[in-house]
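Below is data_29.txt, holding compact mmCIF, C-alpha atoms.
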# COMPACT_ATOMS: atom_id res chain seq x y z
CA MET A 1 65.97 -73.24 -42.39
CA PRO A 2 63.15 -73.26 -39.81
CA THR A 3 62.84 -70.22 -37.57
CA ILE A 4 61.69 -72.35 -34.62
CA ILE A 5 62.88 -75.88 -33.90
CA ALA A 6 61.58 -77.87 -30.95
CA GLU A 7 62.97 -81.38 -30.48
CA ARG A 8 61.44 -83.65 -27.82
CA LEU A 9 60.71 -80.60 -25.69
CA THR A 10 59.87 -81.65 -22.12
CA LYS A 11 59.10 -79.58 -19.04
CA ASP A 12 58.52 -80.86 -15.49
CA TYR A 13 57.43 -78.71 -12.57
CA ARG A 14 58.25 -79.51 -8.94
CA ILE A 15 55.17 -78.96 -6.81
CA PRO A 16 55.53 -78.86 -2.99
CA ARG A 17 53.45 -81.42 -1.13
CA ARG A 18 51.21 -79.73 1.40
CA GLY A 19 49.50 -81.47 4.28
CA HIS A 20 46.85 -80.17 6.67
CA GLY A 21 47.32 -78.60 10.06
CA VAL A 22 50.18 -76.88 11.87
CA GLY A 23 52.17 -80.07 12.45
CA SER A 24 52.16 -80.96 8.76
CA TYR A 25 53.13 -77.39 7.84
CA LEU A 26 56.14 -77.47 10.20
CA ARG A 27 57.29 -80.84 8.87
CA THR A 28 57.19 -79.63 5.26
CA LEU A 29 58.95 -76.42 6.30
CA PHE A 30 62.03 -78.32 7.57
CA THR A 31 61.83 -81.46 5.42
CA PRO A 32 60.03 -80.44 2.25
CA SER A 33 58.85 -83.03 -0.23
CA TYR A 34 57.80 -82.54 -3.80
CA ARG A 35 55.90 -84.21 -6.57
CA GLU A 36 56.70 -83.75 -10.24
CA VAL A 37 54.10 -82.70 -12.76
CA ARG A 38 54.91 -83.08 -16.45
CA ALA A 39 53.51 -80.08 -18.33
CA LEU A 40 55.10 -80.92 -21.67
CA ASP A 41 56.12 -84.36 -22.88
CA ALA A 42 58.58 -84.78 -25.78
CA VAL A 43 56.91 -82.27 -28.12
CA SER A 44 58.60 -81.75 -31.49
CA PHE A 45 57.83 -79.39 -34.35
CA ALA A 46 59.53 -76.98 -36.77
CA ILE A 47 58.11 -73.66 -37.97
CA GLU A 48 59.30 -71.93 -41.12
CA PRO A 49 59.84 -68.16 -41.56
CA GLY A 50 56.57 -66.37 -42.24
CA GLU A 51 54.30 -69.15 -40.99
CA THR A 52 51.27 -68.32 -38.85
CA VAL A 53 50.68 -71.26 -36.54
CA GLY A 54 47.77 -71.82 -34.18
CA TYR A 55 48.60 -73.75 -31.01
CA ILE A 56 45.48 -75.00 -29.28
CA GLY A 57 44.54 -77.23 -26.36
CA LEU A 58 42.42 -77.41 -23.25
CA ASN A 59 43.33 -75.53 -20.06
CA GLY A 60 46.45 -77.13 -18.58
CA ALA A 61 47.43 -78.79 -21.87
CA GLY A 62 50.85 -77.06 -21.93
CA LYS A 63 50.25 -74.11 -24.27
CA SER A 64 51.58 -71.32 -22.06
CA THR A 65 54.49 -73.50 -20.95
CA THR A 66 55.45 -73.97 -24.60
CA VAL A 67 55.36 -70.22 -25.25
CA LYS A 68 57.55 -69.56 -22.20
CA LEU A 69 60.07 -72.16 -23.38
CA LEU A 70 60.19 -70.73 -26.90
CA ALA A 71 60.48 -67.18 -25.55
CA GLY A 72 63.36 -68.11 -23.24
CA ILE A 73 61.44 -67.40 -20.03
CA LEU A 74 61.83 -71.04 -18.93
CA ALA A 75 64.47 -73.67 -19.61
CA PRO A 76 63.32 -77.14 -20.69
CA THR A 77 63.81 -80.14 -18.41
CA SER A 78 65.01 -82.04 -21.46
CA GLY A 79 64.94 -81.69 -25.21
CA ARG A 80 66.17 -78.85 -27.37
CA VAL A 81 64.73 -75.59 -28.65
CA LYS A 82 66.24 -73.18 -31.17
CA VAL A 83 64.74 -69.86 -32.25
CA GLY A 84 66.55 -68.08 -35.05
CA GLY A 85 69.48 -70.45 -34.59
CA ILE A 86 70.06 -69.70 -30.88
CA ASP A 87 69.02 -71.19 -27.56
CA PRO A 88 66.39 -68.68 -26.36
CA HIS A 89 67.04 -69.29 -22.65
CA ARG A 90 70.84 -69.23 -22.73
CA GLU A 91 70.92 -66.16 -25.00
CA ARG A 92 67.96 -64.36 -23.48
CA VAL A 93 69.07 -60.80 -24.30
CA THR A 94 69.72 -61.54 -27.97
CA ASN A 95 66.50 -63.51 -28.22
CA ALA A 96 64.45 -60.78 -26.53
CA ARG A 97 65.53 -58.25 -29.16
CA ARG A 98 64.35 -60.57 -31.95
CA ILE A 99 60.89 -61.50 -30.67
CA GLY A 100 57.59 -59.91 -29.73
CA LEU A 101 55.41 -61.30 -26.97
CA VAL A 102 51.81 -60.70 -25.91
CA PHE A 103 50.17 -62.42 -22.96
CA GLY A 104 46.42 -61.79 -23.05
CA GLN A 105 46.14 -61.01 -19.33
CA ARG A 106 49.46 -59.20 -18.82
CA SER A 107 50.45 -55.78 -20.08
CA GLN A 108 53.64 -54.03 -21.14
CA LEU A 109 51.86 -50.67 -21.38
CA LEU A 110 52.59 -47.87 -18.90
CA TRP A 111 49.33 -47.67 -16.96
CA ASP A 112 49.13 -43.98 -16.03
CA LEU A 113 50.87 -42.52 -19.09
CA PRO A 114 49.65 -41.89 -22.64
CA VAL A 115 50.07 -44.73 -25.12
CA ARG A 116 52.75 -42.83 -27.04
CA GLU A 117 55.04 -42.85 -23.98
CA THR A 118 55.14 -46.66 -23.97
CA PHE A 119 56.05 -46.66 -27.65
CA HIS A 120 58.74 -44.01 -27.16
CA LEU A 121 60.24 -46.15 -24.39
CA LEU A 122 60.11 -49.33 -26.50
CA ARG A 123 61.75 -47.48 -29.35
CA HIS A 124 64.82 -46.91 -27.16
CA VAL A 125 64.72 -50.37 -25.52
CA TYR A 126 64.80 -52.07 -28.94
CA ARG A 127 66.96 -49.38 -30.55
CA VAL A 128 64.51 -48.84 -33.40
CA PRO A 129 65.84 -46.28 -35.92
CA PRO A 130 63.65 -43.13 -36.15
CA ASP A 131 62.60 -43.70 -39.78
CA ARG A 132 61.53 -47.29 -39.07
CA TYR A 133 59.76 -46.23 -35.88
CA HIS A 134 57.69 -43.58 -37.67
CA ALA A 135 56.90 -45.92 -40.58
CA ASN A 136 55.69 -48.64 -38.22
CA THR A 137 53.58 -46.32 -36.07
CA ARG A 138 51.94 -44.89 -39.21
CA ARG A 139 51.07 -48.44 -40.25
CA PHE A 140 49.59 -49.13 -36.80
CA PHE A 141 47.55 -45.91 -37.02
CA GLU A 142 46.08 -47.22 -40.26
CA LEU A 143 45.54 -50.88 -39.39
CA LEU A 144 44.72 -50.64 -35.66
CA GLU A 145 43.39 -47.06 -35.40
CA LEU A 146 45.97 -46.19 -32.74
CA ASP A 147 45.80 -42.50 -33.63
CA ALA A 148 42.46 -42.34 -31.76
CA VAL A 149 44.10 -43.40 -28.46
CA TRP A 150 47.69 -42.21 -28.98
CA ASP A 151 47.49 -39.42 -26.39
CA GLN A 152 45.15 -41.14 -23.93
CA PRO A 153 46.36 -42.68 -20.65
CA VAL A 154 46.33 -46.46 -20.84
CA ARG A 155 44.05 -46.73 -17.77
CA LEU A 156 41.25 -45.02 -19.73
CA LEU A 157 41.30 -47.46 -22.64
CA SER A 158 38.82 -50.25 -23.22
CA LEU A 159 40.03 -53.86 -23.22
CA GLY A 160 39.92 -53.96 -27.01
CA GLN A 161 41.86 -50.71 -27.36
CA LYS A 162 44.52 -51.94 -24.93
CA MET A 163 44.94 -55.20 -26.83
CA ARG A 164 45.37 -53.33 -30.11
CA CYS A 165 48.12 -51.29 -28.41
CA GLU A 166 49.72 -54.47 -27.03
CA LEU A 167 49.82 -55.98 -30.52
CA ALA A 168 51.35 -52.87 -32.04
CA ALA A 169 53.99 -52.78 -29.29
CA ALA A 170 54.89 -56.42 -29.98
CA PHE A 171 55.42 -55.69 -33.69
CA LEU A 172 57.05 -52.26 -33.26
CA HIS A 173 60.68 -53.39 -33.68
CA ASP A 174 60.01 -55.71 -36.65
CA PRO A 175 60.66 -58.95 -34.75
CA SER A 176 61.28 -62.17 -36.64
CA VAL A 177 58.94 -64.11 -34.30
CA VAL A 178 55.88 -62.97 -32.36
CA TYR A 179 54.22 -65.10 -29.67
CA LEU A 180 50.60 -64.30 -28.95
CA ASP A 181 49.12 -66.03 -25.91
CA GLU A 182 45.30 -65.63 -25.89
CA PRO A 183 45.27 -62.21 -27.60
CA THR A 184 41.48 -62.14 -28.09
CA ILE A 185 40.46 -63.37 -24.64
CA GLY A 186 37.56 -61.37 -23.22
CA LEU A 187 37.17 -59.14 -26.29
CA ASP A 188 33.93 -58.30 -28.07
CA VAL A 189 33.20 -59.32 -31.66
CA LEU A 190 34.37 -56.04 -33.20
CA ALA A 191 37.66 -56.01 -31.29
CA LYS A 192 38.35 -59.63 -32.23
CA GLY A 193 37.64 -58.85 -35.86
CA ALA A 194 40.05 -55.90 -35.87
CA ILE A 195 42.84 -58.02 -34.38
CA ARG A 196 42.28 -60.86 -36.85
CA GLU A 197 42.36 -58.44 -39.79
CA PHE A 198 45.62 -56.94 -38.50
CA LEU A 199 47.24 -60.37 -38.15
CA LYS A 200 46.13 -61.40 -41.64
CA GLU A 201 47.54 -58.17 -43.07
CA ILE A 202 50.86 -58.65 -41.26
CA SER A 203 51.04 -62.28 -42.39
CA GLN A 204 50.50 -61.35 -46.02
CA LYS A 205 52.96 -58.47 -46.18
CA THR A 206 55.86 -59.56 -43.95
CA GLN A 207 57.95 -62.63 -43.19
CA VAL A 208 57.29 -62.52 -39.42
CA THR A 209 56.53 -65.89 -37.85
CA VAL A 210 53.44 -65.81 -35.62
CA PHE A 211 52.84 -68.43 -32.92
CA LEU A 212 49.29 -68.03 -31.63
CA THR A 213 47.67 -69.81 -28.68
CA THR A 214 43.94 -69.40 -28.27
CA HIS A 215 40.69 -70.96 -27.13
CA ASP A 216 38.75 -69.15 -29.85
CA LEU A 217 38.88 -71.39 -32.90
CA ARG A 218 37.68 -68.56 -35.14
CA ASP A 219 41.18 -67.09 -34.61
CA ILE A 220 42.64 -70.29 -36.06
CA GLU A 221 40.21 -70.57 -38.97
CA GLU A 222 40.63 -66.95 -40.07
CA VAL A 223 44.32 -66.30 -39.38
CA CYS A 224 46.38 -69.50 -39.32
CA ARG A 225 47.70 -71.68 -42.12
CA ARG A 226 48.63 -74.45 -39.74
CA VAL A 227 47.28 -75.77 -36.45
CA ILE A 228 49.05 -77.78 -33.76
CA LEU A 229 46.87 -79.54 -31.19
CA ILE A 230 48.31 -80.38 -27.81
CA HIS A 231 46.58 -82.53 -25.20
CA GLN A 232 47.89 -83.39 -21.71
CA GLY A 233 51.36 -82.20 -22.68
CA SER A 234 51.64 -84.26 -25.88
CA LEU A 235 51.32 -83.23 -29.49
CA VAL A 236 48.17 -84.68 -31.03
CA TYR A 237 47.93 -83.12 -34.51
CA ASP A 238 50.06 -80.88 -36.70
CA ARG A 239 48.62 -79.83 -40.07
CA SER A 240 46.45 -77.22 -41.76
CA PRO A 241 42.99 -76.47 -40.32
CA GLN A 242 41.45 -77.59 -43.61
CA GLU A 243 43.24 -80.97 -43.56
CA LEU A 244 42.19 -81.51 -39.97
CA VAL A 245 38.55 -80.92 -40.79
CA GLN A 246 38.78 -83.16 -43.88
CA GLU A 247 40.29 -86.06 -41.93
CA TYR A 248 38.21 -85.74 -38.78
CA GLY A 249 35.18 -84.12 -40.34
CA GLN A 250 33.69 -86.96 -42.38
CA ASN A 251 30.53 -86.43 -40.31
CA ALA A 252 28.10 -83.75 -41.45
CA ARG A 253 25.24 -81.98 -39.73
CA LEU A 254 21.61 -82.29 -40.86
CA GLU A 255 18.96 -79.93 -39.51
CA VAL A 256 15.35 -80.79 -40.22
CA ALA A 257 12.52 -78.34 -39.52
CA ALA A 258 9.31 -80.23 -38.77
CA ALA A 259 6.03 -79.75 -36.96
CA GLY A 260 5.04 -81.73 -33.89
CA ASP A 261 6.80 -82.91 -30.75
CA ALA A 262 7.21 -86.61 -31.50
CA VAL A 263 10.88 -87.61 -31.15
CA PRO A 264 12.07 -89.15 -34.43
CA THR A 265 14.20 -92.27 -34.64
CA ALA A 266 17.72 -91.64 -35.96
CA PRO A 267 18.14 -93.45 -39.30
CA PRO A 268 21.03 -95.95 -39.64
CA GLY A 269 24.35 -94.12 -40.05
CA SER A 270 23.15 -91.06 -38.18
CA ARG A 271 22.78 -89.81 -34.61
CA LEU A 272 20.14 -87.52 -33.11
CA GLU A 273 21.96 -84.67 -31.34
CA GLY A 274 18.93 -82.77 -30.05
CA ARG A 275 16.40 -80.13 -30.94
CA THR A 276 16.65 -76.35 -31.36
CA GLY A 277 13.25 -74.70 -31.69
CA ASP A 278 11.39 -76.64 -34.38
CA ARG A 279 14.58 -78.09 -35.89
CA TRP A 280 15.82 -81.60 -35.16
CA VAL A 281 19.62 -81.87 -35.41
CA PHE A 282 21.36 -85.04 -36.63
CA THR A 283 24.97 -85.85 -37.40
CA PHE A 284 25.69 -88.48 -40.04
CA ASP A 285 28.63 -90.25 -41.67
CA ARG A 286 28.85 -89.05 -45.27
CA GLN A 287 30.74 -92.21 -46.24
CA ARG A 288 27.97 -94.49 -44.99
CA VAL A 289 24.73 -92.75 -45.86
CA ARG A 290 23.43 -90.14 -48.32
CA VAL A 291 21.15 -87.23 -47.51
CA PRO A 292 18.23 -88.44 -49.70
CA GLU A 293 18.31 -91.77 -47.84
CA LEU A 294 18.13 -89.99 -44.49
CA LEU A 295 15.27 -87.79 -45.59
CA ALA A 296 13.35 -90.76 -46.98
CA VAL A 297 13.47 -92.46 -43.58
CA LEU A 298 12.78 -89.27 -41.57
CA GLY A 299 9.89 -88.36 -43.89
CA GLN A 300 8.02 -91.42 -42.64
CA GLU A 301 7.89 -89.93 -39.13
CA LEU A 302 8.12 -86.17 -39.67
CA SER A 303 6.30 -83.57 -41.72
CA ILE A 304 9.48 -81.93 -43.08
CA ARG A 305 9.29 -78.22 -43.94
CA ASP A 306 12.97 -77.33 -44.39
CA VAL A 307 16.37 -79.02 -44.51
CA THR A 308 19.89 -77.67 -43.93
CA VAL A 309 23.11 -79.69 -44.43
CA THR A 310 26.50 -78.38 -43.28
CA GLY A 311 29.96 -79.81 -42.67
CA LEU A 312 31.50 -79.87 -39.20
CA ASP A 313 33.53 -76.77 -38.32
CA LEU A 314 36.93 -76.82 -36.65
CA GLU A 315 35.46 -76.45 -33.16
CA SER A 316 33.30 -79.54 -33.62
CA VAL A 317 36.29 -81.49 -34.94
CA VAL A 318 38.47 -80.54 -31.97
CA ARG A 319 35.68 -81.50 -29.58
CA ARG A 320 35.56 -84.95 -31.19
CA ILE A 321 39.34 -85.39 -30.91
CA TYR A 322 39.37 -84.47 -27.22
CA GLY A 323 36.44 -86.82 -26.73
CA GLY A 324 38.61 -89.68 -27.93
CA GLU A 325 36.72 -90.37 -31.15
CA ALA A 326 38.52 -91.94 -34.10
CA PRO A 327 38.49 -90.28 -37.53
This entry written out as structure tokens:
Amino acid sequence: MPTIIAERLTKDYRIPRRGHGVGSYLRTLFTPSYREVRALDAVSFAIEPGETVGYIGLNGAGKSTTVKLLAGILAPTSGRVKVGGIDPHRERVTNARRIGLVFGQRSQLLWDLPVRETFHLLRHVYRVPPDRYHANTRRFFELLELDAVWDQPVRLLSLGQKMRCELAAAFLHDPSVVYLDEPTIGLDVLAKGAIREFLKEISQKTQVTVFLTTHDLRDIEEVCRRVILIHQGSLVYDRSPQELVQEYGQNARLEVAAAGDAVPTAPPGSRLEGRTGDRWVFTFDRQRVRVPELLAVLGQELSIRDVTVTGLDLESVVRRIYGGEAP
């Protein structure tokens, strides 16, 4: 049975209409009017126990709204959501004990106290047995290097150290579902790498379901087995990252290093994307044209010194989808 079920999940927000000037302000104060904005439009999906799912979209696409609906923070305007067999909004207390939640720009850590004090508090909030608490903190010491910051006040930690603590706090009580909303936002390469390694380790060794929203597609490629794309409140794609690239990634990238500044003509079946240093960059349809054919045409105009051919990565594929291109 799926851990998370969303059926035609819809959320509308009522936004007050605001005019200009004192007169308009007084009118809206006594006779307010509103407009409705649909943040989520009939989105449906099911997520099995142990799945790690990436949920991606542009700003304002409905990602954070979805997380808040699944976590029970908001109630849907219409549609149905079940998490672990219960309605997360109607049974908020029960649901809260079963889930972990990390918002990238909000913190559950106690700002002026050592990290350990937050974990001691969460131990009592979630009623974590002592043996399980000590086993989990030992694991976090190993995977996230929390022992180095355990006795430091939270306000003295770097952004990466705080996020590692936030992640550990979300997993402390062995939740069945963890929602991660932009967990790597603003982090450096090393901090991102540490968080991705932790999530991969957790995914391999436990049955926790992880629902991850992010703008960093490396998070999706390295951690997730499935990706859901949402655009303007509607579900666009739901499959593995590899399948998405295979379907939408029939184009490949050809980089040609050549001397001179003359702009080459793009051969049939290809498109000139630009130049980086001495390398001309083309994209081409692998179903329409072969690399030797491209090079034969380009060799008539360029003195080719080096050639590199790569497939499109997930970021390039997503950019094409949002640009309205067909597979």
Q: Report the distance between atom CA of A:Asp188 and atom CA of A:Glu222 in Å, rounded to one decimal place.
A: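 These atoms are spaced 16.2 Å apart.
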Q.
Residues proximal to (66.8, -55.1, -30.4) were defined as those with any atom within 6 Å of that point in the file's coordinates, counting all atoms listed in the file. Which are they, as a VMD selection string?
A. chain A and resid 97 126 to 127
Once you have the residues from the selection above, write them out as a compact mmCIF listing (two decimals), keeping the file's coordinate frame, restricted to C-alpha atoms.
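part-v5.txt written:
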# COMPACT_ATOMS: atom_id res chain seq x y z
CA ARG A 97 65.53 -58.25 -29.16
CA TYR A 126 64.80 -52.07 -28.94
CA ARG A 127 66.96 -49.38 -30.55
Q: Could you check which of A:His231, A:His173, A:Arg239, A:Arg275 is closest to A:Gly57, using all atoms listed in the file?
A: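 Ranking A:His231, A:His173, A:Arg239, A:Arg275 by distance to A:Gly57, first place goes to A:His231.
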**Q.** Distance criterion (all atoms listed in the file): nearest to A:Leu156 out of A:Asp181, A:Phe119, A:Ile195, A:Leu113
**A.**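 Nearest candidate to A:Leu156 out of A:Asp181, A:Phe119, A:Ile195, A:Leu113: A:Leu113.
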The residues within 10 Å of (41.0, -54.7, -33.3), using all atoms listed in the file and the coordinates of the file, should be reported as a PDB file with C-alpha atoms, in the frame of the given file; which are they?
ATOM      1  CA  LEU A 143      45.540 -50.880 -39.390  1.00  0.00           C
ATOM      2  CA  LEU A 144      44.720 -50.640 -35.660  1.00  0.00           C
ATOM      3  CA  GLU A 145      43.390 -47.060 -35.400  1.00  0.00           C
ATOM      4  CA  LEU A 146      45.970 -46.190 -32.740  1.00  0.00           C
ATOM      5  CA  GLY A 160      39.920 -53.960 -27.010  1.00  0.00           C
ATOM      6  CA  GLN A 161      41.860 -50.710 -27.360  1.00  0.00           C
ATOM      7  CA  LYS A 162      44.520 -51.940 -24.930  1.00  0.00           C
ATOM      8  CA  MET A 163      44.940 -55.200 -26.830  1.00  0.00           C
ATOM      9  CA  ARG A 164      45.370 -53.330 -30.110  1.00  0.00           C
ATOM     10  CA  CYS A 165      48.120 -51.290 -28.410  1.00  0.00           C
ATOM     11  CA  LEU A 167      49.820 -55.980 -30.520  1.00  0.00           C
ATOM     12  CA  THR A 184      41.480 -62.140 -28.090  1.00  0.00           C
ATOM     13  CA  LEU A 187      37.170 -59.140 -26.290  1.00  0.00           C
ATOM     14  CA  ASP A 188      33.930 -58.300 -28.070  1.00  0.00           C
ATOM     15  CA  VAL A 189      33.200 -59.320 -31.660  1.00  0.00           C
ATOM     16  CA  LEU A 190      34.370 -56.040 -33.200  1.00  0.00           C
ATOM     17  CA  ALA A 191      37.660 -56.010 -31.290  1.00  0.00           C
ATOM     18  CA  LYS A 192      38.350 -59.630 -32.230  1.00  0.00           C
ATOM     19  CA  GLY A 193      37.640 -58.850 -35.860  1.00  0.00           C
ATOM     20  CA  ALA A 194      40.050 -55.900 -35.870  1.00  0.00           C
ATOM     21  CA  ILE A 195      42.840 -58.020 -34.380  1.00  0.00           C
ATOM     22  CA  ARG A 196      42.280 -60.860 -36.850  1.00  0.00           C
ATOM     23  CA  GLU A 197      42.360 -58.440 -39.790  1.00  0.00           C
ATOM     24  CA  PHE A 198      45.620 -56.940 -38.500  1.00  0.00           C
ATOM     25  CA  LEU A 199      47.240 -60.370 -38.150  1.00  0.00           C
TER      26      LEU A 199
END
Q) A:Arg17: which residues within 8 Å, counting all atoms listed in the file, same-chain residues fewer than 2 positions away excluded, as a ChimeraX atom specification? A) /A:15,19,28,32-35
Q. Given the choices A:Asp147, A:Glu243, A:Glu166, A:Asp131, which gets closest to A:Val102 if the distance is worked out from only C-alpha atoms?
A. A:Glu166
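Take the candidates A:Ala257, A:Ala39, A:Leu217, A:Ala170 and check each one against A:Leu235 using all atoms listed in the file; the shortest distance goes to A:Ala39.
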Q) Using all atoms listed in the file, which residue out of A:Val37, A:Val22, A:Ala148, A:Ala75 lies closest to A:Gly60? A)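 Among the listed residues, the smallest separation from A:Gly60 belongs to A:Val37.
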Q: Can you pull out every residue within 8 Å of A:Gln207, counting all atoms listed in the file, but drop anything in the same chain fewer than 3 positions away, and send it as a ChimeraX atom specification?
A: /A:49-51,176,203
Q. Quick one: residues within 10 Å of A:Leu172, all atoms listed in the file counted, chain neighbours fewer than 5 positions away excluded, as a PyMOL selection string?
A. chain A and resi 100+119+122-123+126+128+132-137+139-140+166-167
Q: Counting all atoms listed in the file, figure out which residue out of A:Val43, A:Thr276, A:Leu109, A:Gln246 gets nearest to A:Leu157.
A: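 Among the listed residues, the smallest separation from A:Leu157 belongs to A:Leu109.
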Q: Work out how far apart atom CA of A:Gly260 and atom CA of A:Glu273 are and give it in Å to one decimal.
A: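 Atom-to-atom, atom CA of A:Gly260 and atom CA of A:Glu273 are spaced 17.4 Å apart.
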(Q) Residues near A:Ser78, anyone? I mean within 7 Å using all atoms listed in the file, not counting same-chain ones fewer than 6 positions away, as a list in words. (A)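 Skipping anything fewer than 6 positions along the chain leaves Leu9, Thr10 and Lys11 of chain A.
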Q) Within 9 Å of A:Pro153, counting all atoms listed in the file, which residues qualify if same-chain residues fewer than 3 places away don't, as a list in words? A)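 Near A:Pro153, the qualifying residues are Leu110, Trp111, Asp112, Leu113, Pro114, Val115, Val149, Trp150, Leu156 and Leu157 of chain A.
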Q: Tell me, in Å to one decimal, how far atom CA of A:Pro267 is from atom CA of A:Leu294.
A: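 Going from atom CA of A:Pro267 over to atom CA of A:Leu294 covers 6.2 Å.
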Will you model all heavy atoms for stretch 277-284 of chain A and pass it back as a CSV table (one decimal), in the frame of the given file?
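Result written to result-v5.csv:
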chain,number,residue,atom,x,y,z
A,277,GLY,N,14.5,-75.2,-31.2
A,277,GLY,CA,13.2,-74.7,-31.7
A,277,GLY,C,12.5,-75.8,-32.4
A,277,GLY,O,12.2,-76.8,-31.8
A,278,ASP,N,12.1,-75.6,-33.6
A,278,ASP,CA,11.4,-76.6,-34.4
A,278,ASP,C,12.3,-77.5,-35.3
A,278,ASP,O,11.8,-78.2,-36.1
A,278,ASP,CB,10.3,-76.0,-35.2
A,278,ASP,CG,10.9,-75.1,-36.4
A,278,ASP,OD1,12.1,-74.8,-36.3
A,278,ASP,OD2,10.2,-74.8,-37.3
A,279,ARG,N,13.6,-77.4,-35.0
A,279,ARG,CA,14.6,-78.1,-35.9
A,279,ARG,C,15.3,-79.2,-35.1
A,279,ARG,O,15.9,-79.0,-34.1
A,279,ARG,CB,15.6,-77.1,-36.4
A,279,ARG,CG,15.1,-75.9,-37.1
A,279,ARG,CD,16.1,-75.0,-37.6
A,279,ARG,NE,16.8,-75.5,-38.8
A,279,ARG,CZ,16.3,-75.3,-40.1
A,279,ARG,NH1,15.2,-74.6,-40.3
A,279,ARG,NH2,17.0,-75.8,-41.1
A,280,TRP,N,15.1,-80.4,-35.7
A,280,TRP,CA,15.8,-81.6,-35.2
A,280,TRP,C,17.2,-81.6,-35.8
A,280,TRP,O,17.4,-81.4,-37.0
A,280,TRP,CB,15.1,-82.9,-35.5
A,280,TRP,CG,13.7,-83.0,-34.8
A,280,TRP,CD1,12.5,-82.7,-35.3
A,280,TRP,CD2,13.5,-83.4,-33.4
A,280,TRP,NE1,11.5,-82.9,-34.4
A,280,TRP,CE2,12.1,-83.3,-33.2
A,280,TRP,CE3,14.3,-83.8,-32.4
A,280,TRP,CZ2,11.5,-83.6,-32.0
A,280,TRP,CZ3,13.8,-84.1,-31.2
A,280,TRP,CH2,12.4,-84.0,-31.0
A,281,VAL,N,18.2,-81.9,-35.0
A,281,VAL,CA,19.6,-81.9,-35.4
A,281,VAL,C,20.2,-83.3,-35.4
A,281,VAL,O,20.2,-83.9,-34.3
A,281,VAL,CB,20.5,-80.9,-34.5
A,281,VAL,CG1,21.9,-80.9,-35.0
A,281,VAL,CG2,19.9,-79.5,-34.5
A,282,PHE,N,20.7,-83.7,-36.5
A,282,PHE,CA,21.4,-85.0,-36.6
A,282,PHE,C,22.8,-84.8,-37.1
A,282,PHE,O,23.1,-83.9,-37.9
A,282,PHE,CB,20.6,-85.9,-37.6
A,282,PHE,CG,19.2,-86.2,-37.3
A,282,PHE,CD1,18.2,-85.3,-37.6
A,282,PHE,CD2,18.8,-87.4,-36.6
A,282,PHE,CE1,16.9,-85.5,-37.3
A,282,PHE,CE2,17.5,-87.6,-36.3
A,282,PHE,CZ,16.5,-86.7,-36.7
A,283,THR,N,23.7,-85.7,-36.7
A,283,THR,CA,25.0,-85.8,-37.4
A,283,THR,C,25.0,-87.2,-38.1
A,283,THR,O,24.4,-88.2,-37.7
A,283,THR,CB,26.2,-85.8,-36.4
A,283,THR,OG1,26.0,-86.7,-35.4
A,283,THR,CG2,26.3,-84.4,-35.8
A,284,PHE,N,25.7,-87.2,-39.3
A,284,PHE,CA,25.7,-88.5,-40.0
A,284,PHE,C,27.0,-88.6,-40.7
A,284,PHE,O,27.7,-87.7,-41.0
A,284,PHE,CB,24.5,-88.5,-41.0
A,284,PHE,CG,24.6,-87.5,-42.2
A,284,PHE,CD1,25.2,-87.8,-43.4
A,284,PHE,CD2,24.2,-86.2,-42.0
A,284,PHE,CE1,25.3,-86.9,-44.4
A,284,PHE,CE2,24.2,-85.3,-43.0
A,284,PHE,CZ,24.8,-85.6,-44.2
